[in-house]
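Dumped model00.cif below, it's mmCIF, C-alpha atoms:
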data_final
#
loop_
_atom_site.label_atom_id
_atom_site.label_comp_id
_atom_site.auth_asym_id
_atom_site.auth_seq_id
_atom_site.Cartn_x
_atom_site.Cartn_y
_atom_site.Cartn_z
CA MET P 1 -181.45 33.64 62.62
CA SER P 2 -183.36 34.65 59.50
CA GLU P 3 -184.40 31.04 59.00
CA ASP P 4 -185.69 30.89 62.53
CA ASN P 5 -189.36 31.68 62.50
CA ASP P 6 -190.25 30.74 66.01
CA ILE P 7 -191.44 34.22 66.89
CA GLU P 8 -192.28 33.38 70.47
CA MET P 9 -188.77 32.14 71.22
CA ILE P 10 -187.03 34.93 69.33
CA ALA P 11 -189.12 37.43 71.31
CA ALA P 12 -188.30 35.70 74.60
CA GLU P 13 -184.57 35.65 73.89
CA TYR P 14 -184.61 39.31 72.82
CA ALA P 15 -186.43 40.36 75.99
CA LEU P 16 -184.16 38.20 78.13
CA GLY P 17 -181.11 39.89 76.60
CA CYS P 18 -179.07 36.81 75.67
CA LEU P 19 -178.72 37.51 71.93
CA ASP P 20 -175.39 38.61 70.48
CA GLY P 21 -175.03 41.93 68.66
CA GLU P 22 -175.89 40.70 65.16
CA GLU P 23 -178.91 38.74 66.31
CA ARG P 24 -180.13 41.56 68.50
CA ALA P 25 -179.89 44.12 65.69
CA ALA P 26 -181.73 41.77 63.34
CA VAL P 27 -184.57 41.30 65.83
CA ALA P 28 -184.69 45.05 66.59
CA ALA P 29 -185.14 45.74 62.87
CA ARG P 30 -187.62 42.95 62.38
CA ARG P 31 -189.87 43.99 65.28
CA LEU P 32 -190.49 47.33 63.62
CA LEU P 33 -191.74 45.57 60.52
CA ASP P 34 -193.49 42.63 62.14
CA PRO P 35 -196.35 43.52 64.52
CA ALA P 36 -196.73 39.93 65.78
CA LEU P 37 -193.09 39.81 66.81
CA ASN P 38 -193.33 43.27 68.38
CA THR P 39 -196.37 42.27 70.45
CA SER P 40 -194.67 39.10 71.57
CA ILE P 41 -191.54 41.04 72.63
CA GLU P 42 -193.65 43.47 74.64
CA GLN P 43 -195.40 40.57 76.37
CA TRP P 44 -192.07 39.01 77.29
CA GLU P 45 -190.69 42.34 78.48
CA ARG P 46 -193.66 42.65 80.82
CA ARG P 47 -193.33 39.05 82.04
CA LEU P 48 -189.70 39.56 82.99
CA ALA P 49 -189.86 43.20 84.16
CA PRO P 50 -190.55 42.32 87.82
CA LEU P 51 -186.95 41.06 87.96
CA ASN P 52 -185.80 44.67 87.83
CA ALA P 53 -187.03 44.92 91.40
CA THR P 54 -184.14 42.66 92.40
CA ILE P 55 -181.53 45.09 91.06
CA ALA P 56 -180.15 47.55 93.60
CA PRO P 57 -180.60 51.25 92.82
CA VAL P 58 -177.44 53.30 92.37
CA GLU P 59 -177.57 57.08 92.67
CA PRO P 60 -176.34 58.56 89.35
CA PRO P 61 -173.88 61.50 89.36
CA ALA P 62 -175.78 64.69 90.23
CA HIS P 63 -174.66 66.62 87.14
CA LEU P 64 -176.45 64.25 84.75
CA PHE P 65 -179.83 65.77 85.50
CA ALA P 66 -178.84 69.18 84.13
CA ARG P 67 -177.53 67.54 80.97
CA VAL P 68 -180.78 65.68 80.45
CA MET P 69 -182.79 68.87 80.97
CA ALA P 70 -180.57 70.68 78.46
CA ARG P 71 -181.16 67.94 75.91
CA ILE P 72 -184.93 67.86 76.30
CA GLY P 73 -184.85 71.64 75.83
CA GLU P 74 -183.28 71.00 72.46
CA THR P 75 -185.84 68.46 71.35
CA ALA P 76 -188.52 71.10 71.69
CA GLN P 77 -186.76 73.13 69.02
CA ASP P 78 -186.33 72.19 65.41
CA ASP P 79 -184.31 69.05 65.83
CA ARG P 80 -183.53 68.88 62.13
CA ALA P 81 -181.04 71.74 62.54
CA SER P 82 -178.78 69.17 64.09
CA ASN P 83 -175.46 70.80 63.28
CA VAL P 84 -176.49 73.89 65.16
CA ILE P 85 -177.69 71.79 68.05
CA LEU P 86 -174.50 69.76 68.11
CA LEU P 87 -172.55 73.00 68.30
CA GLN P 88 -174.82 74.34 71.03
CA ARG P 89 -174.36 71.15 72.97
CA ARG P 90 -170.60 71.40 72.71
CA LEU P 91 -170.68 75.01 73.79
CA ARG P 92 -172.82 74.09 76.75
CA ASN P 93 -170.49 71.25 77.67
CA TRP P 94 -167.52 73.61 77.60
CA ARG P 95 -169.38 76.07 79.77
CA MET P 96 -170.39 73.39 82.23
CA ALA P 97 -166.86 72.12 82.37
CA ALA P 98 -165.60 75.65 82.83
CA VAL P 99 -168.01 76.53 85.61
CA GLY P 100 -167.10 73.43 87.56
CA ALA P 101 -163.40 73.93 87.24
CA GLY P 102 -163.09 77.35 88.89
CA ALA P 103 -159.58 78.68 88.44
CA LEU P 104 -158.83 76.06 85.84
CA ALA P 105 -161.72 77.26 83.76
CA ALA P 106 -159.77 79.42 81.35
CA CYS P 107 -157.17 76.73 80.66
CA LEU P 108 -159.85 74.14 80.24
CA MET P 109 -161.77 76.30 77.80
CA ILE P 110 -158.65 76.74 75.74
CA ALA P 111 -157.78 73.06 75.88
CA LEU P 112 -161.26 71.95 74.96
CA GLY P 113 -161.54 74.69 72.39
CA LEU P 114 -158.38 73.56 70.68
CA ARG P 115 -159.53 70.01 70.67
CA GLU P 116 -162.90 70.98 69.31
CA THR P 117 -161.41 72.99 66.46
CA ALA P 118 -159.02 70.17 65.70
CA GLY P 119 -162.04 67.91 65.29
CA PRO P 120 -164.83 66.66 67.47
CA SER P 121 -164.00 64.04 70.04
CA GLY P 122 -165.38 60.52 69.91
CA PRO P 123 -165.35 58.13 67.01
CA ARG P 124 -166.28 59.68 63.66
CA ASN P 125 -166.15 56.69 61.35
CA PHE P 126 -168.48 53.76 61.67
CA VAL P 127 -169.15 50.57 59.85
CA ALA P 128 -172.00 48.05 59.92
CA VAL P 129 -171.51 44.58 58.51
CA MET P 130 -174.76 43.24 57.12
CA GLN P 131 -174.76 39.51 57.11
CA LYS P 132 -177.08 36.58 57.05
CA ASP P 133 -174.80 34.40 59.13
CA ALA P 134 -171.39 34.67 60.73
CA VAL P 135 -169.38 33.77 57.66
CA SER P 136 -171.03 35.57 54.77
CA PRO P 137 -171.15 39.35 54.88
CA ALA P 138 -173.45 40.70 52.18
CA PHE P 139 -173.05 44.48 52.47
CA ILE P 140 -170.75 46.73 54.43
CA VAL P 141 -172.28 50.08 55.34
CA SER P 142 -169.89 52.84 56.36
CA VAL P 143 -170.70 56.27 57.72
CA ASP P 144 -168.47 59.28 58.21
CA LEU P 145 -170.14 61.28 60.95
CA ASP P 146 -168.37 64.53 60.01
CA THR P 147 -169.58 64.67 56.42
CA ARG P 148 -172.61 62.40 57.06
CA ALA P 149 -171.48 60.46 54.00
CA LEU P 150 -172.98 57.00 53.62
CA THR P 151 -171.25 54.37 51.51
CA ILE P 152 -172.37 50.81 50.92
CA ARG P 153 -170.10 48.15 49.51
CA ALA P 154 -171.67 44.95 48.20
CA VAL P 155 -169.56 41.96 49.21
CA ALA P 156 -171.54 38.83 48.48
CA ALA P 157 -175.10 39.99 48.06
CA GLY P 158 -175.69 38.61 44.57
CA ALA P 159 -178.13 40.12 42.07
CA GLN P 160 -181.75 38.97 42.36
CA PRO P 161 -183.49 39.08 38.95
CA GLY P 162 -186.35 41.57 38.86
CA LYS P 163 -185.69 42.65 42.44
CA SER P 164 -183.70 45.35 44.18
CA TYR P 165 -182.04 45.66 47.56
CA GLN P 166 -183.29 48.67 49.50
CA LEU P 167 -181.55 50.13 52.56
CA TRP P 168 -183.54 51.41 55.54
CA LEU P 169 -182.70 53.44 58.60
CA VAL P 170 -184.64 51.97 61.51
CA ASP P 171 -184.93 53.69 64.87
CA GLN P 172 -187.77 54.03 67.31
CA SER P 173 -187.35 57.81 67.37
CA LEU P 174 -188.02 57.95 63.61
CA GLY P 175 -191.30 56.04 63.70
CA ALA P 176 -191.52 54.14 60.41
CA PRO P 177 -188.27 52.98 58.76
CA LYS P 178 -186.73 55.66 56.50
CA SER P 179 -185.54 54.63 53.05
CA LEU P 180 -181.88 55.29 52.28
CA GLY P 181 -182.27 54.22 48.68
CA LEU P 182 -181.59 51.21 46.48
CA LEU P 183 -178.29 49.35 46.60
CA ARG P 184 -176.29 48.00 43.70
CA PRO P 185 -175.83 44.24 44.04
CA GLU P 186 -172.13 44.67 43.20
CA GLY P 187 -169.51 47.32 43.81
CA VAL P 188 -170.05 50.50 45.76
CA THR P 189 -173.19 52.58 46.20
CA SER P 190 -172.95 56.16 47.45
CA GLY P 191 -175.97 56.64 49.65
CA PRO P 192 -177.68 59.94 50.42
CA ARG P 193 -175.99 62.23 52.93
CA LEU P 194 -177.53 61.66 56.32
CA THR P 195 -177.87 65.36 57.06
CA ALA P 196 -181.52 65.01 58.08
CA TYR P 197 -180.66 62.82 61.07
CA GLU P 198 -179.16 63.55 64.48
CA PRO P 199 -175.71 62.02 65.05
CA ALA P 200 -177.10 60.00 67.96
CA VAL P 201 -179.74 58.51 65.67
CA ILE P 202 -177.20 57.76 62.94
CA GLU P 203 -174.96 56.04 65.48
CA ASN P 204 -177.59 54.02 67.29
CA ALA P 205 -180.10 53.15 64.57
CA THR P 206 -180.31 49.76 62.90
CA TYR P 207 -179.50 49.58 59.18
CA ALA P 208 -181.65 47.03 57.40
CA VAL P 209 -181.81 45.75 53.82
CA SER P 210 -185.08 44.43 52.38
CA LEU P 211 -185.75 42.80 49.04
CA GLU P 212 -188.12 44.99 47.02
CA PRO P 213 -189.52 45.31 43.48
CA GLU P 214 -187.00 46.49 40.88
CA ASN P 215 -187.81 50.19 41.36
CA GLY P 216 -187.92 50.00 45.12
CA SER P 217 -190.75 49.75 47.62
CA PRO P 218 -193.93 51.18 46.07
CA THR P 219 -195.30 52.19 49.48
CA GLY P 220 -192.37 54.02 51.04
CA ALA P 221 -192.13 51.32 53.71
CA PRO P 222 -190.40 47.96 53.42
CA THR P 223 -192.68 45.45 51.67
CA GLY P 224 -190.34 42.54 51.09
CA PRO P 225 -188.42 40.34 53.53
CA VAL P 226 -185.68 41.95 55.61
CA LEU P 227 -182.61 40.03 54.50
CA PHE P 228 -179.88 41.75 56.45
CA ALA P 229 -179.63 44.08 59.40
CA GLY P 230 -176.80 45.51 61.44
CA LYS P 231 -175.72 48.28 63.76
CA LEU P 232 -172.79 50.61 63.36
CA ILE P 233 -169.61 50.01 65.26
CA PRO P 234 -166.84 52.64 65.49
CA THR P 235 -163.75 52.01 63.39
CA ASP P 236 -161.65 54.72 65.05
CA PHE P 237 -161.37 54.92 68.80
CA MET U 1 -193.37 60.19 102.23
CA PRO U 2 -193.14 63.94 101.83
CA GLY U 3 -193.18 65.12 98.24
CA ASP U 4 -194.83 61.90 97.25
CA ALA U 5 -197.93 63.69 96.10
CA ILE U 6 -198.04 62.36 92.56
CA SER U 7 -197.81 58.79 91.40
CA LEU U 8 -195.51 57.63 88.63
CA HIS U 9 -198.61 57.21 86.46
CA ASP U 10 -199.55 60.87 86.93
CA ALA U 11 -195.97 61.99 86.37
CA ILE U 12 -195.74 60.12 83.05
CA ALA U 13 -199.09 61.50 81.90
CA ARG U 14 -197.84 65.02 82.61
CA VAL U 15 -194.49 64.33 80.95
CA ALA U 16 -196.43 63.21 77.85
CA ALA U 17 -197.87 66.76 77.85
CA LYS U 18 -194.27 68.09 78.01
CA ASP U 19 -194.45 69.20 81.64
CA ARG U 20 -190.83 69.73 82.66
CA SER U 21 -191.53 69.90 86.40
CA ALA U 22 -193.27 66.51 86.25
CA PHE U 23 -190.26 65.22 84.33
CA GLU U 24 -188.00 66.38 87.14
CA ILE U 25 -190.18 64.53 89.68
CA LEU U 26 -190.04 61.42 87.50
CA TYR U 27 -186.26 61.70 87.16
CA ARG U 28 -185.70 62.19 90.88
CA ALA U 29 -187.97 59.25 91.71
CA THR U 30 -186.59 56.75 89.22
CA SER U 31 -183.06 57.63 88.08
CA ALA U 32 -181.28 55.62 90.80
CA LYS U 33 -183.30 52.55 89.83
CA LEU U 34 -182.61 52.93 86.10
CA TYR U 35 -178.95 53.75 86.72
CA GLY U 36 -178.70 50.52 88.75
CA VAL U 37 -180.24 48.54 85.88
CA ILE U 38 -177.92 50.16 83.30
CA LEU U 39 -174.79 49.86 85.42
CA ARG U 40 -175.44 46.20 86.09
CA ILE U 41 -175.32 45.52 82.36
CA LEU U 42 -172.60 47.96 81.29
CA ARG U 43 -170.34 47.90 84.36
CA ASN U 44 -168.71 51.13 83.23
CA LYS U 45 -169.76 54.40 84.83
CA ALA U 46 -168.73 56.69 81.98
CA VAL U 47 -170.75 54.71 79.45
CA ALA U 48 -173.63 54.29 81.90
CA ASP U 49 -173.75 58.08 82.38
CA ASP U 50 -174.24 58.61 78.64
CA VAL U 51 -176.79 55.83 78.38
CA LEU U 52 -178.81 57.17 81.33
CA GLN U 53 -179.07 60.55 79.61
CA ASP U 54 -180.22 58.94 76.36
CA VAL U 55 -182.78 56.89 78.27
CA TYR U 56 -184.36 59.93 79.93
CA VAL U 57 -184.44 61.81 76.63
CA SER U 58 -186.29 58.77 75.20
CA ILE U 59 -188.68 58.75 78.14
CA TRP U 60 -189.38 62.45 77.57
CA GLU U 61 -190.05 61.83 73.88
CA ARG U 62 -192.01 58.60 74.24
CA ALA U 63 -194.05 59.25 77.41
CA GLY U 64 -197.15 59.68 75.23
CA SER U 65 -196.87 56.06 74.09
CA PHE U 66 -196.89 54.63 77.63
CA ASP U 67 -199.99 52.46 78.03
CA PRO U 68 -200.95 52.12 81.72
CA THR U 69 -203.10 49.08 80.97
CA ARG U 70 -199.99 47.21 79.85
CA GLY U 71 -197.55 47.15 82.73
CA SER U 72 -196.21 49.50 85.38
CA PRO U 73 -194.52 52.84 84.72
CA LEU U 74 -191.28 51.65 86.29
CA GLY U 75 -191.37 48.42 84.26
CA TRP U 76 -191.82 50.47 81.08
CA MET U 77 -188.95 52.79 81.94
CA ALA U 78 -186.69 49.94 83.04
CA THR U 79 -187.34 48.19 79.72
CA ILE U 80 -186.24 51.31 77.81
CA ALA U 81 -183.12 51.45 79.99
CA ARG U 82 -182.34 47.75 79.56
CA ASN U 83 -182.78 47.81 75.81
CA ARG U 84 -180.56 50.87 75.43
CA ALA U 85 -177.90 49.36 77.71
CA LEU U 86 -177.99 46.03 75.86
CA ASP U 87 -177.71 47.78 72.49
CA GLU U 88 -174.71 49.67 73.84
CA ILE U 89 -172.87 46.66 75.24
CA ARG U 90 -173.50 44.64 72.09
CA LYS U 91 -171.69 47.28 70.04
CA LYS U 92 -168.54 46.16 71.81
CA LYS U 93 -167.05 42.73 71.83
CA THR U 94 -168.85 40.14 73.91
CA VAL U 95 -168.46 40.66 77.65
CA ALA U 96 -165.47 38.81 78.96
CA THR U 97 -166.57 35.85 81.00
CA GLU U 98 -164.58 36.85 84.04
CA ASP U 99 -166.67 40.02 84.14
CA ILE U 100 -169.79 38.04 84.78
CA GLU U 101 -170.38 37.76 88.46
CA SER U 102 -172.12 34.82 89.95
CA ILE U 103 -175.61 35.65 90.97
CA ALA U 104 -176.69 34.70 94.41
CA GLU U 105 -180.36 34.09 94.91
CA PRO U 106 -182.02 37.44 94.26
CA ALA U 107 -183.61 37.51 97.66
CA ALA U 108 -183.18 41.21 98.26
CA GLU U 109 -185.99 43.28 96.89
CA PHE U 110 -185.40 46.87 95.90
CA GLU U 111 -188.94 47.86 95.11
CA HIS U 112 -189.52 51.49 94.43
CA PRO U 113 -191.92 52.97 96.98
CA LEU U 114 -193.90 54.72 94.25
CA ASP U 115 -194.30 51.59 92.24
CA LYS U 116 -194.90 48.87 94.73
CA THR U 117 -198.68 48.48 94.73
CA GLU U 118 -199.53 45.53 92.50
CA ARG U 119 -195.92 44.83 91.50
CA ARG U 120 -195.03 42.88 94.60
CA GLU U 121 -197.43 40.14 93.56
CA ASP U 122 -195.95 39.96 90.07
CA LEU U 123 -192.46 39.58 91.47
CA ALA U 124 -193.58 36.97 93.97
CA LYS U 125 -195.19 34.97 91.17
CA LEU U 126 -192.18 35.27 88.88
CA MET U 127 -189.90 34.19 91.73
CA ARG U 128 -192.14 31.21 92.43
CA CYS U 129 -191.97 30.23 88.76
CA LEU U 130 -188.21 30.73 88.68
CA SER U 131 -187.79 28.46 91.68
CA GLY U 132 -189.64 25.79 89.70
CA LEU U 133 -186.68 25.69 87.29
CA GLU U 134 -183.67 23.54 88.02
CA PRO U 135 -181.11 25.60 90.02
CA GLY U 136 -178.57 25.85 87.19
CA ARG U 137 -181.24 26.93 84.71
CA ARG U 138 -182.55 29.58 87.04
CA GLU U 139 -179.07 31.06 87.37
CA ILE U 140 -178.53 31.34 83.61
CA ILE U 141 -181.89 33.10 83.20
CA LEU U 142 -180.93 35.60 85.91
CA LEU U 143 -177.43 36.11 84.48
CA ALA U 144 -178.87 36.79 81.05
CA TYR U 145 -181.55 39.18 82.31
CA CYS U 146 -179.71 41.11 84.98
CA GLN U 147 -176.26 41.24 83.43
CA GLY U 148 -177.03 40.86 79.75
CA ALA U 149 -174.88 37.75 79.39
CA THR U 150 -174.94 36.32 75.85
CA ARG U 151 -175.32 32.62 75.12
CA GLU U 152 -171.64 32.51 74.24
CA ALA U 153 -170.61 34.09 77.55
CA LEU U 154 -172.85 31.67 79.43
CA ALA U 155 -171.44 28.76 77.42
CA THR U 156 -167.93 29.71 78.50
CA LYS U 157 -168.90 30.28 82.12
CA PHE U 158 -170.68 26.95 82.42
CA ALA U 159 -168.29 25.05 80.11
CA THR U 160 -171.29 23.94 78.10
CA PRO U 161 -171.79 24.23 74.32
CA ALA U 162 -173.68 27.36 73.22
CA ALA U 163 -176.29 25.19 71.51
CA THR U 164 -177.02 23.46 74.80
CA ILE U 165 -177.31 26.83 76.58
CA LYS U 166 -179.70 27.94 73.86
CA SER U 167 -181.98 24.97 74.37
CA TRP U 168 -181.79 25.32 78.18
CA LEU U 169 -182.76 28.97 77.90
CA ARG U 170 -185.59 28.29 75.50
CA ARG U 171 -186.99 25.43 77.55
CA SER U 172 -186.73 27.49 80.76
CA LEU U 173 -188.46 30.47 79.14
CA MET U 174 -191.33 28.31 77.93
CA GLN U 175 -191.61 26.73 81.37
CA LEU U 176 -191.76 30.23 82.90
CA LYS U 177 -194.46 31.30 80.49
CA VAL U 178 -196.63 28.29 81.28
CA CYS U 179 -196.11 28.81 85.02
CA LEU U 180 -196.88 32.57 84.86
CA GLU U 181 -200.07 31.93 82.94
CA SER U 182 -201.31 29.21 85.28
#
So that I can check it, write out the structure of this file as structure tokens.
Amino acid sequence: MSEDNDIEMIAAEYALGCLDGEERAAVAARRLLDPALNTSIEQWERRLAPLNATIAPVEPPAHLFARVMARIGETAQDDRASNVILLQRRLRNWRMAAVGAGALAACLMIALGLRETAGPSGPRNFVAVMQKDAVSPAFIVSVDLDTRALTIRAVAAGAQPGKSYQLWLVDQSLGAPKSLGLLRPEGVTSGPRLTAYEPAVIENATYAVSLEPENGSPTGAPTGPVLFAGKLIPTDF
Amino acid sequence: MPGDAISLHDAIARVAAKDRSAFEILYRATSAKLYGVILRILRNKAVADDVLQDVYVSIWERAGSFDPTRGSPLGWMATIARNRALDEIRKKKTVATEDIESIAEPAAEFEHPLDKTERREDLAKLMRCLSGLEPGRREIILLAYCQGATREALATKFATPAATIKSWLRRSLMQLKVCLES
């Protein structure tokens, strides 16, 4: 993929949706750094969009609207206080569950409450394998969503003389890619705690590694080639 | 139509200014369409429910970046929905081939009444260009777009090497581009 510089075709395949997970994540990261690719993707998205008219509408469950409204209420507040918001969201979910369940409400509150104190539901540990091709993983990024700890293990990256690997968090909601620091070419790097980011962003963002000058990107944005990119997948279901 | 007082363009412009009532109008007018798009790719209601919520939160946050000179409001929203659904399904293992339905000719048109003006022509043209492809090629394009089938899934379904599927797809896409620009 990284050797493939036919931007037009990469853009077309991305917009069509036929890329596998690794390829898709790599293109998603690259489009944020490469305006020509981004423009080409947008053109292909517009070319193919009329096909959506052929897909039958399906009425979504009625309760989803209230959840969306609750979430956009949150975004108006300080969304950096994400722990508080996560807690508020859970509280609201319990309440919504309780209201709907009538006589069962009390039991449900207790059941959910117990589960919540035992630990939040959903996967908490994630890993992203950063690789250039299917057989040679270079870095393995792991995230513990509870502690927001970020750990990066170098597998077969190899030191590049006079250069450093720099890790980036890439997500449309963040605007420009956010640096997560330099990576050691061997062994384990403890990254910064991801406390500044919402769990949904941490889970859904692309993690990308670029090759930068020895002391890291001088501009605060990636300046060198993006060598690896990947998305997190849960390791505990 | 009653209650059809504002267009999707107006609704998005007001949502960009954080108008919650306009957002509700937008949601009511478009959520069935986007849910259809998402469900077609994910084929799992519980996951689709979560993705639909994320998509509308994105629309709320990104409405200011919608550029009316570059495509329709519904096309813009459907693209956000598709990309989020594809990202979600690619987190899992590749879709099992037996999950991929065969696509009949997409004759039925489910155009949204608020978004039909100039769109009908675009769809007609795209359909004309698609019918210029060989029948098998047209089907793989539609399977990839509507159901998010990967090259590998298509390779299995059509008992054809993935590299061949890749070159079919690329050639068909280029043919479409030339046809659409003619």
Please find the residues of chain U near chain P - the criterion being any atom within 7 Å, counting all atoms listed in the file - and write them as a tab-separated table (two decimals) with C-alpha atoms, in the coordinates of the input.
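Output contents, as saved in result09.tsv:
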chain	number	residue	atom	x	y	z
U	31	SER	CA	-183.06	57.63	88.08
U	32	ALA	CA	-181.28	55.62	90.80
U	33	LYS	CA	-183.30	52.55	89.83
U	35	TYR	CA	-178.95	53.75	86.72
U	36	GLY	CA	-178.70	50.52	88.75
U	37	VAL	CA	-180.24	48.54	85.88
U	53	GLN	CA	-179.07	60.55	79.61
U	56	TYR	CA	-184.36	59.93	79.93
U	57	VAL	CA	-184.44	61.81	76.63
U	71	GLY	CA	-197.55	47.15	82.73
U	75	GLY	CA	-191.37	48.42	84.26
U	79	THR	CA	-187.34	48.19	79.72
U	86	LEU	CA	-177.99	46.03	75.86
U	90	ARG	CA	-173.50	44.64	72.09
U	91	LYS	CA	-171.69	47.28	70.04
U	106	PRO	CA	-182.02	37.44	94.26
U	108	ALA	CA	-183.18	41.21	98.26
U	109	GLU	CA	-185.99	43.28	96.89
U	110	PHE	CA	-185.40	46.87	95.90
U	111	GLU	CA	-188.94	47.86	95.11
U	119	ARG	CA	-195.92	44.83	91.50
U	122	ASP	CA	-195.95	39.96	90.07
U	123	LEU	CA	-192.46	39.58	91.47
U	144	ALA	CA	-178.87	36.79	81.05
U	145	TYR	CA	-181.55	39.18	82.31
U	148	GLY	CA	-177.03	40.86	79.75
U	149	ALA	CA	-174.88	37.75	79.39
U	150	THR	CA	-174.94	36.32	75.85
U	151	ARG	CA	-175.32	32.62	75.12
U	170	ARG	CA	-185.59	28.29	75.50
U	173	LEU	CA	-188.46	30.47	79.14
Picked residues, the PyMOL selection byres ((chain U and resi 20-23) around 12), expected as an mmCIF file with C-alpha atoms, in the frame of the given file:
data_model
loop_
_atom_site.group_PDB
_atom_site.id
_atom_site.type_symbol
_atom_site.label_atom_id
_atom_site.label_comp_id
_atom_site.auth_asym_id
_atom_site.auth_seq_id
_atom_site.Cartn_x
_atom_site.Cartn_y
_atom_site.Cartn_z
ATOM 1 C CA PHE P 65 -179.830 65.770 85.500
ATOM 2 C CA VAL P 68 -180.780 65.680 80.450
ATOM 3 C CA MET P 69 -182.790 68.870 80.970
ATOM 4 C CA ALA P 70 -180.570 70.680 78.460
ATOM 5 C CA ARG P 71 -181.160 67.940 75.910
ATOM 6 C CA ILE P 72 -184.930 67.860 76.300
ATOM 7 C CA GLY P 73 -184.850 71.640 75.830
ATOM 8 C CA ALA P 76 -188.520 71.100 71.690
ATOM 9 C CA ALA U 5 -197.930 63.690 96.100
ATOM 10 C CA ILE U 6 -198.040 62.360 92.560
ATOM 11 C CA SER U 7 -197.810 58.790 91.400
ATOM 12 C CA LEU U 8 -195.510 57.630 88.630
ATOM 13 C CA HIS U 9 -198.610 57.210 86.460
ATOM 14 C CA ASP U 10 -199.550 60.870 86.930
ATOM 15 C CA ALA U 11 -195.970 61.990 86.370
ATOM 16 C CA ILE U 12 -195.740 60.120 83.050
ATOM 17 C CA ALA U 13 -199.090 61.500 81.900
ATOM 18 C CA ARG U 14 -197.840 65.020 82.610
ATOM 19 C CA VAL U 15 -194.490 64.330 80.950
ATOM 20 C CA ALA U 16 -196.430 63.210 77.850
ATOM 21 C CA ALA U 17 -197.870 66.760 77.850
ATOM 22 C CA LYS U 18 -194.270 68.090 78.010
ATOM 23 C CA ASP U 19 -194.450 69.200 81.640
ATOM 24 C CA GLU U 24 -188.000 66.380 87.140
ATOM 25 C CA ILE U 25 -190.180 64.530 89.680
ATOM 26 C CA LEU U 26 -190.040 61.420 87.500
ATOM 27 C CA TYR U 27 -186.260 61.700 87.160
ATOM 28 C CA ARG U 28 -185.700 62.190 90.880
ATOM 29 C CA ALA U 29 -187.970 59.250 91.710
ATOM 30 C CA THR U 30 -186.590 56.750 89.220
ATOM 31 C CA SER U 31 -183.060 57.630 88.080
ATOM 32 C CA TYR U 56 -184.360 59.930 79.930
ATOM 33 C CA VAL U 57 -184.440 61.810 76.630
ATOM 34 C CA SER U 58 -186.290 58.770 75.200
ATOM 35 C CA ILE U 59 -188.680 58.750 78.140
ATOM 36 C CA TRP U 60 -189.380 62.450 77.570
ATOM 37 C CA GLU U 61 -190.050 61.830 73.880
ATOM 38 C CA ALA U 63 -194.050 59.250 77.410
#
*Out of P:Val188, P:Leu183, P:Ile7, P:Ala138, which residue has the shortest atom-to-atom distance to Asn215 (chain P) when counting all atoms listed in the file?*
P:Leu183
Can you list, as a short mmCIF file (atom, residue, chain, number, x, y, z; two decimals) with C-alpha atoms, keeping the file's coordinate frame, the residues that the PyMOL selection byres ((chain U and resi 132) around 12) selects here?
data_model
loop_
_atom_site.label_atom_id
_atom_site.label_comp_id
_atom_site.auth_asym_id
_atom_site.auth_seq_id
_atom_site.Cartn_x
_atom_site.Cartn_y
_atom_site.Cartn_z
CA LYS U 125 -195.19 34.97 91.17
CA LEU U 126 -192.18 35.27 88.88
CA MET U 127 -189.90 34.19 91.73
CA ARG U 128 -192.14 31.21 92.43
CA CYS U 129 -191.97 30.23 88.76
CA LEU U 130 -188.21 30.73 88.68
CA SER U 131 -187.79 28.46 91.68
CA LEU U 133 -186.68 25.69 87.29
CA GLU U 134 -183.67 23.54 88.02
CA PRO U 135 -181.11 25.60 90.02
CA GLY U 136 -178.57 25.85 87.19
CA ARG U 137 -181.24 26.93 84.71
CA ARG U 138 -182.55 29.58 87.04
CA SER U 172 -186.73 27.49 80.76
CA LEU U 173 -188.46 30.47 79.14
CA GLN U 175 -191.61 26.73 81.37
CA LEU U 176 -191.76 30.23 82.90
CA LYS U 177 -194.46 31.30 80.49
CA VAL U 178 -196.63 28.29 81.28
CA CYS U 179 -196.11 28.81 85.02
CA LEU U 180 -196.88 32.57 84.86
#
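Straight-line separation from CA of Arg124 (chain P) to CA of Ala221 (chain P): 28.9 Å.
Closest to Leu167 (chain P) among P:Val201, P:Val27, P:Val155, P:Val141 is P:Val141, based on all atoms listed in the file.
Near region 162-166 of chain U, within 9 Å and counting all atoms listed in the file, sit U:Ile140, U:Arg151, U:Glu152, U:Ala153, U:Leu154, U:Ala155, U:Thr156, U:Phe158, U:Leu169, U:Arg170, U:Arg171, not including residues fewer than 3 positions from it in the same chain.
Here the selection is built from all atoms listed in the file, and the residues within 12 Å of (-185.2, 57.3, 48.9) turn out to be Gln166, Leu167, Trp168, Leu169, Pro177, Lys178, Ser179, Leu180, Gly181, Leu182, Leu183, Gly191, Pro192, Arg193, Leu194, Asn215, Gly216, Ser217, Pro218, Thr219, Gly220, Ala221 and Pro222 of chain P.
Interatomic distance, CA of Arg184 (chain P) to CA of Tyr165 (chain P): 7.3 Å.
From CA of Arg70 (chain U) back to CA of Thr39 (chain P), the distance works out to 11.2 Å.
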Starting from 8 Å padding per side, set up an axis-aligned box that covers all listed atoms of region 195-213 of chain P and hand over centre and edge lengths in Å, one decimal, as AutoDock Vina command-line options.
--center_x -182.2 --center_y 54.1 --center_z 55.7 --size_x 30.6 --size_y 38.6 --size_z 40.5
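Of the residues under consideration (P:Pro123, P:Pro161, P:Gly175, P:Ala62), P:Pro161 shows the shortest atom-to-atom contact distance to Glu212 (chain P) when counting all atoms listed in the file.
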